[in-house]
>>> print(open('target35.cif').read())   # mmCIF, C-alpha atoms and all ligand atoms
data_target
loop_
_atom_site.label_atom_id
_atom_site.label_comp_id
_atom_site.auth_asym_id
_atom_site.auth_seq_id
_atom_site.Cartn_x
_atom_site.Cartn_y
_atom_site.Cartn_z
CA MET A 1 -77.22 -69.02 7.60
CA LYS A 2 -74.68 -71.71 8.41
CA LYS A 3 -75.50 -73.65 11.57
CA LEU A 4 -73.18 -73.70 14.57
CA ASN A 5 -72.12 -77.32 14.84
CA PHE A 6 -71.26 -78.54 18.35
CA GLY A 7 -71.50 -82.18 17.23
CA ALA A 8 -68.99 -84.75 18.51
CA GLY A 9 -67.96 -86.07 15.11
CA PRO A 10 -67.69 -85.99 12.20
CA CYS A 11 -67.06 -82.39 13.03
CA ILE A 12 -66.61 -79.00 11.53
CA LEU A 13 -63.52 -77.84 9.65
CA PRO A 14 -62.54 -74.26 8.87
CA GLU A 15 -64.74 -72.65 6.19
CA ALA A 16 -61.65 -72.01 4.04
CA VAL A 17 -60.89 -75.74 4.08
CA PHE A 18 -64.42 -76.66 3.00
CA GLU A 19 -64.13 -74.18 0.15
CA GLU A 20 -60.75 -75.31 -1.11
CA ALA A 21 -61.68 -78.99 -0.83
CA SER A 22 -64.89 -78.39 -2.78
CA LYS A 23 -62.97 -76.64 -5.56
CA ALA A 24 -60.63 -79.63 -5.86
CA VAL A 25 -63.63 -81.91 -6.37
CA VAL A 26 -64.30 -80.01 -9.59
CA ASP A 27 -60.75 -79.22 -10.64
CA PHE A 28 -57.43 -80.37 -9.27
CA ASN A 29 -54.77 -79.81 -11.95
CA GLY A 30 -57.28 -80.54 -14.70
CA LEU A 31 -58.89 -83.58 -13.07
CA SER A 32 -61.15 -84.02 -10.06
CA ILE A 33 -59.39 -84.93 -6.81
CA LEU A 34 -61.92 -87.80 -6.76
CA GLU A 35 -60.53 -89.34 -9.93
CA ILE A 36 -56.78 -88.73 -9.79
CA SER A 37 -54.46 -91.68 -9.44
CA HIS A 38 -53.05 -92.10 -5.97
CA ARG A 39 -49.76 -92.84 -7.73
CA SER A 40 -49.79 -89.55 -9.62
CA PRO A 41 -47.04 -87.10 -8.66
CA GLU A 42 -49.78 -84.63 -7.62
CA PHE A 43 -51.24 -86.97 -5.03
CA VAL A 44 -47.89 -88.32 -3.86
CA ALA A 45 -47.04 -84.68 -3.11
CA VAL A 46 -50.29 -84.30 -1.13
CA MET A 47 -49.54 -87.40 0.93
CA GLU A 48 -46.00 -86.20 1.61
CA GLU A 49 -47.17 -82.74 2.61
CA ALA A 50 -49.80 -84.22 4.95
CA ARG A 51 -47.21 -86.42 6.64
CA GLN A 52 -44.73 -83.56 6.84
CA LEU A 53 -47.35 -81.25 8.39
CA VAL A 54 -48.08 -83.82 11.08
CA ARG A 55 -44.36 -84.02 11.80
CA GLU A 56 -43.93 -80.25 12.00
CA LEU A 57 -47.07 -79.43 13.94
CA LEU A 58 -46.58 -82.13 16.58
CA ASN A 59 -42.77 -82.03 16.59
CA VAL A 60 -42.67 -85.72 15.74
CA PRO A 61 -39.09 -86.98 16.15
CA GLU A 62 -37.21 -88.32 13.12
CA ASP A 63 -37.35 -91.91 14.27
CA TYR A 64 -41.17 -92.08 14.03
CA THR A 65 -43.22 -92.99 10.96
CA ILE A 66 -46.45 -91.19 10.10
CA LEU A 67 -49.20 -93.08 8.27
CA PHE A 68 -52.69 -92.32 7.00
CA LEU A 69 -54.64 -95.58 6.91
CA GLN A 70 -58.30 -96.64 6.90
CA GLY A 71 -60.65 -98.38 9.29
CA GLY A 72 -61.05 -95.60 11.84
CA ALA A 73 -59.89 -95.71 15.43
CA SER A 74 -62.07 -98.81 15.80
CA LEU A 75 -59.64 -100.78 13.64
CA GLY A 76 -56.85 -99.03 15.54
CA PHE A 77 -57.96 -100.90 18.68
CA LEU A 78 -57.02 -104.14 16.93
CA ILE A 79 -54.02 -102.86 14.98
CA SER A 80 -52.43 -101.41 18.11
CA ALA A 81 -52.81 -104.64 20.08
CA MET A 82 -51.54 -106.80 17.21
CA ASN A 83 -48.51 -104.66 16.53
CA MET A 84 -47.57 -103.95 20.14
CA ALA A 85 -47.89 -107.47 21.59
CA ARG A 86 -44.51 -108.71 22.82
CA GLU A 87 -43.13 -111.68 24.69
CA HIS A 88 -45.40 -111.39 27.73
CA LYS A 89 -48.55 -111.44 25.59
CA LYS A 90 -49.94 -109.27 28.32
CA ALA A 91 -51.35 -105.78 27.89
CA GLY A 92 -52.38 -103.06 30.35
CA TYR A 93 -55.41 -100.84 29.75
CA ILE A 94 -56.95 -97.89 31.53
CA ASN A 95 -60.71 -98.03 31.17
CA THR A 96 -62.03 -94.50 30.91
CA GLY A 97 -65.13 -95.11 28.82
CA ALA A 98 -66.85 -96.73 25.86
CA TRP A 99 -63.91 -96.31 23.45
CA ALA A 100 -61.38 -97.61 25.95
CA SER A 101 -63.69 -100.56 26.64
CA LYS A 102 -63.83 -101.37 22.95
CA ALA A 103 -60.03 -101.31 22.77
CA ILE A 104 -59.95 -103.74 25.71
CA ILE A 105 -62.29 -106.10 23.87
CA GLU A 106 -60.00 -106.25 20.83
CA SER A 107 -57.01 -107.10 23.01
CA GLU A 108 -59.03 -109.86 24.66
CA LYS A 109 -60.24 -111.20 21.31
CA LEU A 110 -56.63 -111.49 20.20
CA GLY A 111 -55.96 -113.67 23.22
CA LEU A 112 -53.68 -111.24 25.03
CA ASP A 113 -53.74 -111.42 28.79
CA THR A 114 -55.57 -108.12 29.19
CA VAL A 115 -55.19 -106.35 32.51
CA VAL A 116 -57.49 -103.43 33.29
CA LEU A 117 -55.25 -101.42 35.59
CA ALA A 118 -57.90 -98.89 36.53
CA SER A 119 -61.46 -98.04 35.61
CA SER A 120 -63.90 -95.23 36.33
CA LYS A 121 -66.87 -97.30 35.25
CA GLU A 122 -68.55 -97.27 38.67
CA LYS A 123 -69.12 -93.52 38.29
CA ASN A 124 -70.17 -93.70 34.65
CA PHE A 125 -66.64 -92.66 33.65
CA ASN A 126 -66.91 -89.11 34.97
CA TYR A 127 -63.28 -89.02 36.11
CA ILE A 128 -59.76 -90.18 35.16
CA PRO A 129 -58.71 -92.92 37.58
CA ASP A 130 -55.27 -93.29 39.16
CA PHE A 131 -53.49 -96.50 38.37
CA ASN A 132 -50.59 -98.53 39.56
CA LEU A 133 -48.52 -100.58 37.18
CA VAL A 134 -46.59 -103.32 38.92
CA GLU A 135 -46.98 -106.19 36.48
CA LYS A 136 -44.84 -106.67 33.40
CA VAL A 137 -46.97 -105.74 30.42
CA ASP A 138 -46.05 -105.40 26.77
CA TYR A 139 -47.63 -101.97 26.56
CA LEU A 140 -50.03 -99.63 28.32
CA HIS A 141 -53.03 -98.36 26.34
CA PHE A 142 -55.13 -95.34 27.24
CA THR A 143 -57.59 -92.90 25.66
CA SER A 144 -56.34 -89.33 26.02
CA ASN A 145 -59.75 -87.68 25.70
CA ASN A 146 -63.04 -89.36 26.45
CA THR A 147 -65.33 -87.90 23.85
CA ILE A 148 -68.54 -89.21 25.37
CA TYR A 149 -67.95 -88.33 29.04
CA GLY A 150 -66.00 -85.10 28.68
CA THR A 151 -62.90 -86.20 30.58
CA GLN A 152 -59.29 -85.80 29.50
CA PHE A 153 -55.88 -86.88 30.76
CA LYS A 154 -54.14 -83.66 31.82
CA GLU A 155 -50.89 -85.53 32.19
CA PHE A 156 -49.92 -88.63 30.29
CA PRO A 157 -49.16 -91.80 32.25
CA SER A 158 -45.51 -92.12 33.10
CA VAL A 159 -44.49 -95.76 32.72
CA SER A 160 -41.44 -97.77 31.77
CA CYS A 161 -43.28 -99.96 29.24
CA PRO A 162 -44.26 -98.76 25.74
CA LEU A 163 -47.16 -96.31 25.79
CA VAL A 164 -50.02 -96.55 23.27
CA CYS A 165 -52.74 -93.95 22.94
CA ASP A 166 -56.05 -93.47 21.16
CA MET A 167 -55.90 -89.69 20.61
CA SER A 168 -58.89 -89.48 18.30
CA SER A 169 -60.61 -86.56 19.94
CA ASP A 170 -57.83 -84.31 21.18
CA ILE A 171 -54.89 -84.72 18.82
CA PHE A 172 -53.75 -81.36 17.39
CA SER A 173 -55.67 -79.52 20.12
CA LYS A 174 -52.65 -78.99 22.38
CA GLU A 175 -48.91 -79.53 22.49
CA ILE A 176 -47.84 -83.08 23.25
CA ASP A 177 -44.55 -84.88 23.66
CA VAL A 178 -44.68 -87.60 21.01
CA SER A 179 -41.41 -89.10 22.23
CA LYS A 180 -43.27 -90.50 25.27
CA PHE A 181 -45.21 -92.86 23.00
CA ASP A 182 -44.50 -95.93 20.94
CA LEU A 183 -47.80 -95.62 19.10
CA ILE A 184 -50.47 -92.95 18.73
CA TYR A 185 -53.54 -93.40 16.56
CA ALA A 186 -56.53 -91.21 15.83
CA GLY A 187 -59.60 -91.39 13.62
CA ALA A 188 -59.46 -88.25 11.47
CA GLN A 189 -63.02 -87.07 11.81
CA LYS A 190 -62.72 -85.29 15.16
CA ASN A 191 -59.85 -82.87 14.75
CA ILE A 192 -57.93 -83.76 11.59
CA GLY A 193 -60.24 -83.90 8.61
CA PRO A 194 -63.29 -85.68 7.21
CA ALA A 195 -64.08 -89.29 8.07
CA GLY A 196 -62.21 -91.89 6.07
CA SER A 197 -58.61 -91.73 7.19
CA THR A 198 -56.88 -92.69 10.40
CA LEU A 199 -53.60 -91.26 11.54
CA TYR A 200 -50.88 -93.49 13.03
CA ILE A 201 -47.65 -92.18 14.52
CA VAL A 202 -45.38 -95.09 15.33
CA LYS A 203 -41.87 -95.31 16.68
CA ASN A 204 -39.69 -97.08 14.13
CA THR A 205 -38.19 -99.40 16.72
CA ALA A 206 -41.71 -100.67 17.51
CA LEU A 207 -42.23 -101.92 13.96
CA GLY A 208 -41.77 -105.60 13.16
CA LYS A 209 -41.48 -106.61 16.83
CA SER A 210 -44.87 -108.22 17.39
CA SER A 211 -45.02 -111.57 19.13
CA PHE A 212 -47.69 -112.58 16.62
CA LYS A 213 -45.76 -114.59 14.05
CA SER A 214 -47.99 -113.57 11.22
CA ILE A 215 -49.99 -110.36 11.14
CA PRO A 216 -52.44 -110.03 8.22
CA THR A 217 -50.75 -107.80 5.65
CA TYR A 218 -52.92 -104.69 5.96
CA LEU A 219 -52.95 -104.82 9.76
CA ASP A 220 -49.16 -104.84 9.99
CA LEU A 221 -47.96 -101.26 10.41
CA GLU A 222 -44.62 -102.25 8.93
CA THR A 223 -46.37 -102.99 5.60
CA HIS A 224 -47.45 -99.36 5.40
CA ALA A 225 -44.23 -97.90 6.76
CA LYS A 226 -42.26 -99.64 4.00
CA LYS A 227 -44.57 -98.18 1.35
CA ASP A 228 -44.70 -94.61 2.66
CA SER A 229 -48.40 -95.04 3.51
CA MET A 230 -49.16 -96.07 -0.10
CA PHE A 231 -49.42 -99.83 0.25
CA ASN A 232 -52.89 -99.76 -1.33
CA THR A 233 -55.22 -97.04 -2.53
CA PRO A 234 -55.43 -94.55 0.32
CA PRO A 235 -58.56 -92.45 0.94
CA VAL A 236 -57.41 -89.74 -1.44
CA PHE A 237 -60.03 -87.09 -0.77
CA ALA A 238 -60.00 -87.60 3.01
CA ILE A 239 -56.22 -87.20 3.09
CA TYR A 240 -56.27 -84.20 0.78
CA THR A 241 -58.80 -82.42 3.00
CA ALA A 242 -56.90 -83.37 6.15
CA MET A 243 -53.77 -81.90 4.55
CA LEU A 244 -55.63 -78.65 3.82
CA ASN A 245 -56.79 -78.52 7.44
CA LEU A 246 -53.28 -79.09 8.79
CA ARG A 247 -51.93 -76.47 6.41
CA TYR A 248 -54.55 -74.06 7.72
CA LEU A 249 -53.56 -74.89 11.29
CA LYS A 250 -49.91 -74.17 10.51
CA GLN A 251 -50.72 -70.89 8.77
CA ASN A 252 -52.70 -69.78 11.79
CA GLY A 253 -49.96 -70.17 14.35
CA GLY A 254 -49.84 -73.94 14.75
CA ILE A 255 -50.57 -75.87 17.93
CA LYS A 256 -49.39 -73.13 20.27
CA GLU A 257 -52.06 -70.72 19.08
CA ILE A 258 -54.86 -73.24 18.77
CA GLU A 259 -54.13 -74.50 22.27
CA LYS A 260 -54.57 -70.98 23.64
CA LEU A 261 -57.83 -70.60 21.77
CA ASN A 262 -59.09 -74.02 22.91
CA ASN A 263 -58.28 -73.14 26.53
CA LYS A 264 -60.12 -69.86 26.16
CA LYS A 265 -63.20 -71.53 24.69
CA ALA A 266 -63.25 -74.16 27.45
CA ALA A 267 -62.78 -71.57 30.22
CA LEU A 268 -65.65 -69.52 28.85
CA LEU A 269 -68.12 -72.41 28.76
CA TYR A 270 -67.08 -74.05 32.05
CA SER A 271 -67.32 -70.70 33.79
CA GLU A 272 -70.92 -70.33 32.61
CA ILE A 273 -71.74 -73.88 33.71
CA ASP A 274 -70.23 -73.26 37.17
CA ASN A 275 -71.85 -69.87 37.69
CA ASN A 276 -75.27 -70.54 36.27
CA PRO A 277 -77.66 -72.12 38.79
CA SER A 278 -79.59 -73.89 36.03
CA PHE A 279 -76.67 -76.08 34.93
CA GLU A 280 -74.23 -78.60 36.30
CA GLY A 281 -71.07 -80.10 34.78
CA THR A 282 -70.94 -83.91 34.73
CA ALA A 283 -67.16 -84.49 34.67
CA ASN A 284 -64.87 -84.26 37.67
CA LYS A 285 -63.46 -80.71 37.63
CA ASN A 286 -59.79 -81.70 37.52
CA ASP A 287 -60.37 -84.01 34.58
CA ARG A 288 -62.52 -81.76 32.43
CA SER A 289 -61.98 -81.98 28.69
CA THR A 290 -61.27 -78.88 26.63
CA MET A 291 -62.73 -80.63 23.59
CA ASN A 292 -66.03 -82.12 24.79
CA VAL A 293 -67.89 -80.31 27.54
CA THR A 294 -70.64 -82.35 29.20
CA PHE A 295 -73.34 -80.81 31.37
CA THR A 296 -76.93 -81.27 32.47
CA LEU A 297 -79.84 -79.12 33.53
CA LYS A 298 -80.40 -79.19 37.27
CA ASP A 299 -84.10 -79.48 36.62
CA ASP A 300 -85.21 -81.78 33.80
CA LYS A 301 -88.46 -79.87 33.54
CA ASP A 302 -86.49 -77.09 31.84
CA ALA A 303 -85.34 -79.34 29.01
CA GLU A 304 -87.92 -78.37 26.44
CA ALA A 305 -87.43 -74.65 27.00
CA PHE A 306 -83.63 -74.94 26.90
CA ASP A 307 -83.72 -77.11 23.77
CA ASN A 308 -85.87 -74.53 22.06
CA ALA A 309 -83.52 -71.75 23.13
CA TRP A 310 -80.34 -73.23 21.65
CA LYS A 311 -82.10 -74.50 18.57
CA SER A 312 -83.44 -71.04 17.82
CA ALA A 313 -79.90 -69.70 18.22
CA ASN A 314 -78.99 -71.87 15.19
CA ILE A 315 -77.00 -74.30 17.32
CA VAL A 316 -76.94 -78.01 16.43
CA GLY A 317 -75.36 -81.16 17.86
CA LEU A 318 -75.66 -80.24 21.53
CA LYS A 319 -77.48 -83.35 22.77
CA GLY A 320 -75.37 -85.54 25.04
CA HIS A 321 -74.47 -89.11 24.19
CA ARG A 322 -77.28 -91.47 25.17
CA SER A 323 -75.12 -93.12 27.84
CA VAL A 324 -74.61 -89.84 29.70
CA GLY A 325 -77.70 -87.81 28.79
CA GLY A 326 -77.87 -84.06 29.15
CA TYR A 327 -75.75 -81.99 26.82
CA ARG A 328 -72.34 -82.14 25.20
CA ALA A 329 -70.69 -79.19 23.52
CA SER A 330 -67.88 -80.45 21.31
CA MET A 331 -65.43 -77.66 20.65
CA TYR A 332 -62.85 -78.98 18.22
CA ASN A 333 -60.24 -76.66 16.69
CA ALA A 334 -62.46 -75.20 13.98
CA LEU A 335 -65.25 -74.14 16.32
CA THR A 336 -64.91 -70.39 16.72
CA ILE A 337 -64.96 -68.50 19.97
CA ASP A 338 -67.97 -66.62 18.58
CA ALA A 339 -69.91 -69.87 18.44
CA VAL A 340 -69.02 -70.61 22.07
CA GLU A 341 -70.06 -67.09 23.04
CA ARG A 342 -73.39 -67.66 21.35
CA LEU A 343 -73.98 -70.82 23.38
CA VAL A 344 -72.89 -69.08 26.59
CA ASP A 345 -75.32 -66.24 25.85
CA VAL A 346 -78.15 -68.71 25.36
CA MET A 347 -77.31 -70.38 28.70
CA HIS A 348 -76.87 -67.06 30.45
CA ASN A 349 -80.20 -65.71 29.31
CA PHE A 350 -81.84 -68.97 30.22
CA LYS A 351 -81.16 -68.91 33.98
C1 LIG B 401 -64.86 -91.31 17.78
C2 LIG B 401 -63.87 -92.05 18.58
C3 LIG B 401 -63.50 -93.37 18.26
C4 LIG B 401 -64.13 -94.14 17.12
O1 LIG B 401 -63.56 -93.73 15.94
P1 LIG B 401 -63.92 -94.41 14.54
O2 LIG B 401 -62.96 -93.69 13.65
O3 LIG B 401 -65.35 -94.10 14.25
O4 LIG B 401 -63.66 -95.85 14.63
C5 LIG B 401 -62.53 -93.99 19.03
N1 LIG B 401 -61.96 -93.37 20.06
C6 LIG B 401 -62.29 -92.11 20.40
C7 LIG B 401 -61.62 -91.46 21.57
C8 LIG B 401 -63.26 -91.42 19.68
O5 LIG B 401 -63.59 -90.17 20.03
#
>>> encode(input="target35.cif", output="structure tokens", more="lines below")
Ligand SMILES: *Cc1c(COP(=O)(O)O)cnc(C)c1O
Amino acid sequence: MKKLNFGAGPCILPEAVFEEASKAVVDFNGLSILEISHRSPEFVAVMEEARQLVRELLNVPEDYTILFLQGGASLGFLISAMNMAREHKKAGYINTGAWASKAIIESEKLGLDTVVLASSKEKNFNYIPDFNLVEKVDYLHFTSNNTIYGTQFKEFPSVSCPLVCDMSSDIFSKEIDVSKFDLIYAGAQKNIGPAGSTLYIVKNTALGKSSFKSIPTYLDLETHAKKDSMFNTPPVFAIYTAMLNLRYLKQNGGIKEIEKLNNKKAALLYSEIDNNPSFEGTANKNDRSTMNVTFTLKDDKDAEAFDNAWKSANIVGLKGHRSVGGYRASMYNALTIDAVERLVDVMHNFK
């Protein structure tokens, strides 16, 4: 029997997507998807459909460019800083966890004057801090969903400077207003597709404006925008599978429907955590993530028994990140409500 994967990433995709992707490995118009030329009309069509699906699903305005690149969100930390630096050479960051901290480091390494406007570090990042932006910065960077700590921005920062966001772990989970942003990036392997591609959504007017005189070719988003995301060999299979997943999302009601389902799944699990005397949520209630739910046992002595209980229910990937401990249930789009019900049953019967 297939295991129920609550892992934080790489994560599950719909069964139908796994099946169709596996068929294409053997036969995609008479070749394997793994061997076709990225310049072939068949793959150019895949790339265009993937970009078009992103545009449709997220209502991306016309004056934004959509790219599938490589390097993961970790390279995005650097790419975003390099491309968004302007005359002040000063950047604002909100530090909401390990990924945000890594983005801050890249900005510092580039020599930008890097201002941490707010941080929740003193409470092990269990909440989303308020911030006040008075200085002139080139851009404000934040992480919309903090995969490790289970916190999520419920409202996006409202600022007059360009807004940049690492949306790796909640993009396509809910409706967003792309027009608020100059740049959004997301590693694919949380909610888009398999590992290997990274999505960038960039406002056209933000391209070619960096204060860095010379950006290395691959790291310059304008390079890729000019080549319709085909500057060099893209990760063909990763993009193909991401396209299948986005197609599936569209066929199943798009973001509106998945958002409802994600809210339902989160409500179900948080309600069990709040009503079950054996468990305790770790994130501040107002900032709780719908994607990654973090919780602990009130009594550590119960750990072995609880671990045995969820493991025998065929659940995997529930262990929390080492920096938080306890448990983390990652509930990306493809995780079914049945799987969440199974986990809730295990917790319920455990008390
Ligand atoms: C997983 C994750 C990353 C790291 O992504 P890579 O693609 O592995 O570099 C960055 N930010 C967030 C919010 C993540 O969840």
>>> closest_residue(input="target35.cif", among="A:Val236, A:Leu117, A:Ala100, A:Ile273", to="Glu42 (chain A)", atoms="only C-alpha atoms")
A:Val236
>>> closest_atom_pairs(input="target35.cif", of="chain A", to="ligand LIG 401 (chain B)", cutoff="8 Å", atoms="all atoms listed in the file", output="JSON lines")
{"residue": "A:Ala8", "atom": "CA", "partner": "B:LIG401", "partner_atom": "C1", "distance": 7.8}
{"residue": "A:Gly9", "atom": "CA", "partner": "B:LIG401", "partner_atom": "C1", "distance": 6.6}
{"residue": "A:Gly71", "atom": "CA", "partner": "B:LIG401", "partner_atom": "O4", "distance": 6.6}
{"residue": "A:Gly72", "atom": "CA", "partner": "B:LIG401", "partner_atom": "O2", "distance": 3.3}
{"residue": "A:Ala73", "atom": "CA", "partner": "B:LIG401", "partner_atom": "O4", "distance": 3.9}
{"residue": "A:Ser74", "atom": "CA", "partner": "B:LIG401", "partner_atom": "O4", "distance": 3.6}
{"residue": "A:Leu75", "atom": "CA", "partner": "B:LIG401", "partner_atom": "O4", "distance": 6.4}
{"residue": "A:Gly76", "atom": "CA", "partner": "B:LIG401", "partner_atom": "O4", "distance": 7.6}
{"residue": "A:Trp99", "atom": "CA", "partner": "B:LIG401", "partner_atom": "N1", "distance": 4.9}
{"residue": "A:Ala100", "atom": "CA", "partner": "B:LIG401", "partner_atom": "N1", "distance": 7.3}
{"residue": "A:Thr143", "atom": "CA", "partner": "B:LIG401", "partner_atom": "C7", "distance": 5.9}
{"residue": "A:Ser144", "atom": "CA", "partner": "B:LIG401", "partner_atom": "C7", "distance": 7.2}
{"residue": "A:Asn145", "atom": "CA", "partner": "B:LIG401", "partner_atom": "C7", "distance": 5.9}
{"residue": "A:Asn146", "atom": "CA", "partner": "B:LIG401", "partner_atom": "C7", "distance": 5.5}
{"residue": "A:Thr147", "atom": "CA", "partner": "B:LIG401", "partner_atom": "O5", "distance": 4.8}
{"residue": "A:Ile148", "atom": "CA", "partner": "B:LIG401", "partner_atom": "O5", "distance": 7.3}
{"residue": "A:Asp166", "atom": "CA", "partner": "B:LIG401", "partner_atom": "C7", "distance": 5.9}
{"residue": "A:Met167", "atom": "CA", "partner": "B:LIG401", "partner_atom": "C7", "distance": 6.1}
{"residue": "A:Ser168", "atom": "CA", "partner": "B:LIG401", "partner_atom": "C7", "distance": 4.7}
{"residue": "A:Ser169", "atom": "CA", "partner": "B:LIG401", "partner_atom": "O5", "distance": 4.7}
{"residue": "A:Ala186", "atom": "CA", "partner": "B:LIG401", "partner_atom": "N1", "distance": 7.2}
{"residue": "A:Gly187", "atom": "CA", "partner": "B:LIG401", "partner_atom": "O2", "distance": 4.1}
{"residue": "A:Ala188", "atom": "CA", "partner": "B:LIG401", "partner_atom": "O2", "distance": 6.8}
{"residue": "A:Gln189", "atom": "CA", "partner": "B:LIG401", "partner_atom": "O2", "distance": 6.9}
{"residue": "A:Lys190", "atom": "CA", "partner": "B:LIG401", "partner_atom": "C1", "distance": 6.9}
{"residue": "A:Ala195", "atom": "CA", "partner": "B:LIG401", "partner_atom": "O2", "distance": 7.2}
{"residue": "A:Gly196", "atom": "CA", "partner": "B:LIG401", "partner_atom": "O2", "distance": 7.8}
{"residue": "A:Thr198", "atom": "CA", "partner": "B:LIG401", "partner_atom": "O2", "distance": 7.0}
>>> closest_residue(input="target35.cif", among="A:Tyr240, A:Phe156, A:Phe125, A:Phe77", to="Met47 (chain A)", atoms="all atoms listed in the file")
A:Tyr240
>>> closest_residue(input="target35.cif", among="A:Arg55, A:Ser278, A:Asn29, A:Leu221", to="Lys301 (chain A)", atoms="only C-alpha atoms")
A:Ser278
>>> closest_residue(input="target35.cif", among="A:Ile258, A:Ala24, A:Leu163, A:Ile79", to="Tyr200 (chain A)", atoms="all atoms listed in the file")
A:Ile79
>>> closest_residue(input="target35.cif", among="A:Thr205, A:Asn263, A:Asn59, A:Asn286", to="Ile176 (chain A)", atoms="all atoms listed in the file")
A:Asn59
>>> closest_residue(input="target35.cif", among="A:Pro277, A:Gly208, A:Gly7, A:Gly253", to="Val316 (chain A)", atoms="all atoms listed in the file")
A:Gly7
>>> atom_distance(input="target35.cif", atom1="CA of Asn349 (chain A)", atom2="CA of Ala305 (chain A)")
11.7 Å
>>> residues_around(input="target35.cif", residues="Leu343 (chain A)", least_positions_apart="6", cutoff="8 Å", atoms="only C-alpha atoms", output="ChimeraX atom specification")
/A:310,313,315
>>> atom_distance(input="target35.cif", atom1="CA of Tyr327 (chain A)", atom2="CA of Ala118 (chain A)")
26.4 Å
>>> atom_distance(input="target35.cif", atom1="CA of Glu15 (chain A)", atom2="CA of Arg342 (chain A)")
18.2 Å
>>> residues_around(input="target35.cif", residues="Ala81 (chain A)", least_positions_apart="3", cutoff="9 Å", atoms="all atoms listed in the file", output="list in words")
Gly76, Phe77, Leu78, Met84, Ala85, Ala91, Ala103, Glu106, Ser107, Leu110, Leu112, Tyr139 and His141 of chain A
>>> residues_around(input="target35.cif", residues="Ile36 (chain A)", least_positions_apart="2", cutoff="12 Å", atoms="all atoms listed in the file", output="PyMOL selection string")
chain A and resi 24-34+38-44+46+233-237+240
>>> write_last_selection(input="target35.cif", atoms="C-alpha atoms", output="PDB file, in the coordinates of the input")
ATOM      1  CA  ALA A  24     -60.630 -79.630  -5.860  1.00  0.00           C
ATOM      2  CA  VAL A  25     -63.630 -81.910  -6.370  1.00  0.00           C
ATOM      3  CA  VAL A  26     -64.300 -80.010  -9.590  1.00  0.00           C
ATOM      4  CA  ASP A  27     -60.750 -79.220 -10.640  1.00  0.00           C
ATOM      5  CA  PHE A  28     -57.430 -80.370  -9.270  1.00  0.00           C
ATOM      6  CA  ASN A  29     -54.770 -79.810 -11.950  1.00  0.00           C
ATOM      7  CA  GLY A  30     -57.280 -80.540 -14.700  1.00  0.00           C
ATOM      8  CA  LEU A  31     -58.890 -83.580 -13.070  1.00  0.00           C
ATOM      9  CA  SER A  32     -61.150 -84.020 -10.060  1.00  0.00           C
ATOM     10  CA  ILE A  33     -59.390 -84.930  -6.810  1.00  0.00           C
ATOM     11  CA  LEU A  34     -61.920 -87.800  -6.760  1.00  0.00           C
ATOM     12  CA  HIS A  38     -53.050 -92.100  -5.970  1.00  0.00           C
ATOM     13  CA  ARG A  39     -49.760 -92.840  -7.730  1.00  0.00           C
ATOM     14  CA  SER A  40     -49.790 -89.550  -9.620  1.00  0.00           C
ATOM     15  CA  PRO A  41     -47.040 -87.100  -8.660  1.00  0.00           C
ATOM     16  CA  GLU A  42     -49.780 -84.630  -7.620  1.00  0.00           C
ATOM     17  CA  PHE A  43     -51.240 -86.970  -5.030  1.00  0.00           C
ATOM     18  CA  VAL A  44     -47.890 -88.320  -3.860  1.00  0.00           C
ATOM     19  CA  VAL A  46     -50.290 -84.300  -1.130  1.00  0.00           C
ATOM     20  CA  THR A 233     -55.220 -97.040  -2.530  1.00  0.00           C
ATOM     21  CA  PRO A 234     -55.430 -94.550   0.320  1.00  0.00           C
ATOM     22  CA  PRO A 235     -58.560 -92.450   0.940  1.00  0.00           C
ATOM     23  CA  VAL A 236     -57.410 -89.740  -1.440  1.00  0.00           C
ATOM     24  CA  PHE A 237     -60.030 -87.090  -0.770  1.00  0.00           C
ATOM     25  CA  TYR A 240     -56.270 -84.200   0.780  1.00  0.00           C
TER      26      TYR A 240
END
>>> decode(input="target35.cif", residues="region 197-202 of chain A", atoms="N, CA, C and O atoms", output="tab-separated table (two decimals), in the first residue's frame")
chain	number	residue	atom	x	y	z
A	197	SER	N	13.53	22.32	-10.73
A	197	SER	CA	13.25	23.61	-11.36
A	197	SER	C	12.84	24.62	-10.30
A	197	SER	O	12.42	24.25	-9.20
A	198	THR	N	12.99	25.87	-10.64
A	198	THR	CA	12.66	26.96	-9.73
A	198	THR	C	11.86	27.98	-10.51
A	198	THR	O	12.28	28.40	-11.59
A	199	LEU	N	10.73	28.34	-9.96
A	199	LEU	CA	9.86	29.29	-10.65
A	199	LEU	C	10.21	30.72	-10.25
A	199	LEU	O	10.43	31.01	-9.07
A	200	TYR	N	10.28	31.60	-11.25
A	200	TYR	CA	10.45	33.04	-11.02
A	200	TYR	C	9.31	33.77	-11.71
A	200	TYR	O	9.00	33.47	-12.87
A	201	ILE	N	8.69	34.68	-11.01
A	201	ILE	CA	7.69	35.56	-11.61
A	201	ILE	C	8.20	36.98	-11.38
A	201	ILE	O	8.30	37.42	-10.23
A	202	VAL	N	8.55	37.65	-12.45
A	202	VAL	CA	9.21	38.95	-12.29
A	202	VAL	C	8.50	40.02	-13.12
A	202	VAL	O	8.09	39.78	-14.26
